Amino acid sequence: MAATEERGYRMGPLSGLKVVEVAGIGPGPFCAMMLADMGADVIRVDRAGAVRGGDPDAPPADVLNRGRRSIGVDLKNPEGVETVLALVEQADALIEGFRPGVAERLGIGPDECRARNPKLVYGRMTGWGQSGPYAHTAGHDINYIALAGALEPIGRAGGAPVPPLNLVGDFGGGGLMLAFGVVCALLEAQRTGEGQVVDAAMVDGAAVLMTMFHAFTAMGIWNPERGTNMLDSGAHFYDVYETADGKYVSIGSIEPQFYAELLRLTGLTDEADFAAQQDRSRWPQLKERLTEVFRTKTRDEWCEIMEGTDVCFAPVLSIAEAPQHPHNVERGTFVEVAGITQPAPAPRFSRTEAEIQRPPSHAGQHTDEVLGELGLDADRIAALREAGAIA
């Protein structure tokens, strides 16, 4: 999949929308990447101090920043602030990830931006949210999911909670929630002609991701002891197992017919202890037996036996291996852009195909181009650069 910059047009269901991204880290850039992958024209406002040039033919490796143009602006310079507000006048949305109150102090808060453009959707990405006792304190993904009740249940019996990378807070509960909220608000603004503020907090988003487990708790089918439930590594039929070559396979044989297939292909059908699939008291013992069985063959040998069956099986692949698996190759789940293999845009659309618009940009790479589109001539751009407002 080639970047569409080379073809001179944008694709995707969000084509025609313009978004201003105030540069940040983690979930904000992920939200901006998702919007850009879907066709939005996302302009990233980088700090002027981060602008160091860079060869456009040798883009940075941080693919989280793919798909956007970048301008370098000093937000502590009044003319730099005015430059951003001029962008806002022509934008559909703005996203920022400052602590509460910082954007207001800089002069680019919701009131200032929506005074210039009442239809603007103003997306705010924080960990704790814009209000609450923790709102003004520092934090990271691990803290947000801890407070949301999403970290404590993850881990094995008898062990400590295990941080699930920063997928639950930063990306699932943060960036994706912000992207969803921004698109929802954009749809509403099209109907009413009025924008609004989207307060996306990672603690809120991580809590929403836990909805099913709150339901299980209310239904009395979730054991609060970590690592003893069907979906948290407690069950012998829903776990990962080490193979003879030190690699792993995943098993998710929940339904009876899939469980029967697991027993058939592991040669355990005749072992009576396995008949009581849902007898939790036997799960540890049955897991020990399956552990022994899976260690008798390599991962590839188990793939030969189980791939294409209804066991609910897949090999546990590394970051390097995943792009090479035949299923991912056939679907184009990973693509190469500017020499870097990376996940392709998702989800997929039957008509408005989503594509990576361009590789990551160097900070400030498109300052003159973007400001020219705003109607600023070369002399005005040079004056702003001389004043230190842009870089």
# chains A, B, ... in the order shown; residues from 1 in each chain; ligands from 1
>>> select_by_dssp(residues="stretch 203-344 of chain A", states="helix (DSSP H, G or I)", output="PyMOL selection string")
chain A and resi 203-209+211-219+256-266+272-275+280-294+299-306+322-324+326-331
>>> write_last_selection(atoms="C-alpha atoms", output="short mmCIF file (atom, residue, chain, number, x, y, z; two decimals), in the first residue's frame")
data_model
loop_
_atom_site.label_atom_id
_atom_site.label_comp_id
_atom_site.auth_asym_id
_atom_site.auth_seq_id
_atom_site.Cartn_x
_atom_site.Cartn_y
_atom_site.Cartn_z
CA VAL A 203 -9.58 6.38 33.26
CA ASP A 204 -13.10 6.72 31.82
CA GLY A 205 -12.23 4.83 28.66
CA ALA A 206 -10.51 1.99 30.50
CA ALA A 207 -13.56 1.71 32.76
CA VAL A 208 -15.85 1.43 29.71
CA LEU A 209 -13.66 -1.37 28.34
CA THR A 211 -18.16 -3.18 31.09
CA MET A 212 -18.55 -6.91 30.43
CA PHE A 213 -16.67 -7.78 33.60
CA HIS A 214 -18.89 -5.51 35.65
CA ALA A 215 -21.80 -7.43 34.13
CA PHE A 216 -20.18 -10.77 35.00
CA THR A 217 -19.68 -9.56 38.57
CA ALA A 218 -23.31 -8.47 38.87
CA MET A 219 -24.39 -11.85 37.49
CA PRO A 256 -18.30 -27.60 23.87
CA GLN A 257 -17.80 -28.46 20.20
CA PHE A 258 -14.53 -26.55 20.11
CA TYR A 259 -13.42 -28.15 23.38
CA ALA A 260 -14.12 -31.57 21.92
CA GLU A 261 -11.90 -30.71 18.96
CA LEU A 262 -9.13 -29.62 21.35
CA LEU A 263 -9.29 -32.97 23.13
CA ARG A 264 -9.33 -34.88 19.85
CA LEU A 265 -6.29 -33.16 18.39
CA THR A 266 -4.28 -33.36 21.60
CA ALA A 272 -11.97 -38.98 31.78
CA ASP A 273 -10.85 -36.01 33.85
CA PHE A 274 -11.28 -33.72 30.82
CA ALA A 275 -14.97 -34.53 30.46
CA ARG A 280 -13.29 -25.18 38.16
CA SER A 281 -11.82 -27.35 40.90
CA ARG A 282 -10.13 -29.45 38.21
CA TRP A 283 -8.82 -26.59 36.07
CA PRO A 284 -5.32 -26.43 37.66
CA GLN A 285 -4.83 -30.18 37.29
CA LEU A 286 -6.07 -30.22 33.69
CA LYS A 287 -3.86 -27.27 32.84
CA GLU A 288 -0.82 -29.17 34.09
CA ARG A 289 -1.72 -32.08 31.81
CA LEU A 290 -2.20 -29.82 28.77
CA THR A 291 1.10 -28.14 29.58
CA GLU A 292 2.79 -31.53 29.33
CA VAL A 293 1.09 -32.33 26.03
CA PHE A 294 1.91 -29.04 24.31
CA ARG A 299 4.94 -24.54 17.65
CA ASP A 300 5.10 -25.26 13.93
CA GLU A 301 4.10 -28.87 14.51
CA TRP A 302 1.05 -27.74 16.48
CA CYS A 303 0.24 -25.34 13.66
CA GLU A 304 0.25 -28.26 11.23
CA ILE A 305 -2.18 -30.09 13.49
CA MET A 306 -4.50 -27.27 14.58
CA ALA A 322 3.19 -11.32 12.69
CA PRO A 323 3.61 -9.55 9.31
CA GLN A 324 4.92 -12.78 7.77
CA PRO A 326 0.10 -16.19 5.58
CA HIS A 327 -3.24 -14.98 6.94
CA ASN A 328 -1.90 -11.49 7.60
CA VAL A 329 -0.10 -11.46 4.26
CA GLU A 330 -3.23 -12.36 2.30
CA ARG A 331 -5.34 -9.72 4.06
#
>>> residues_around(residues="stretch 165-177 of chain A", least_positions_apart="5", cutoff="9 Å", atoms="only C-alpha atoms", output="count of residues only")
30
>>> residues_around(residues="A:Tyr248", least_positions_apart="4", cutoff="9 Å", atoms="only C-alpha atoms", output="list in words")
Val240, Tyr241, Glu242, Thr243, Ala244, Phe294, Thr298, Arg299, Pro315, Val316 and Leu317 of chain A
>>> atom_distance(atom1="atom CA of A:Lys297", atom2="atom CA of A:Gly267")
12.8 Å
>>> closest_residue(among="A:Trp128, A:Glu152, A:Pro56, A:Asp37", to="A:Ala363", atoms="only C-alpha atoms")
A:Pro56
>>> atom_distance(atom1="atom CA of A:Val102", atom2="atom CA of A:Asn65")
22.7 Å
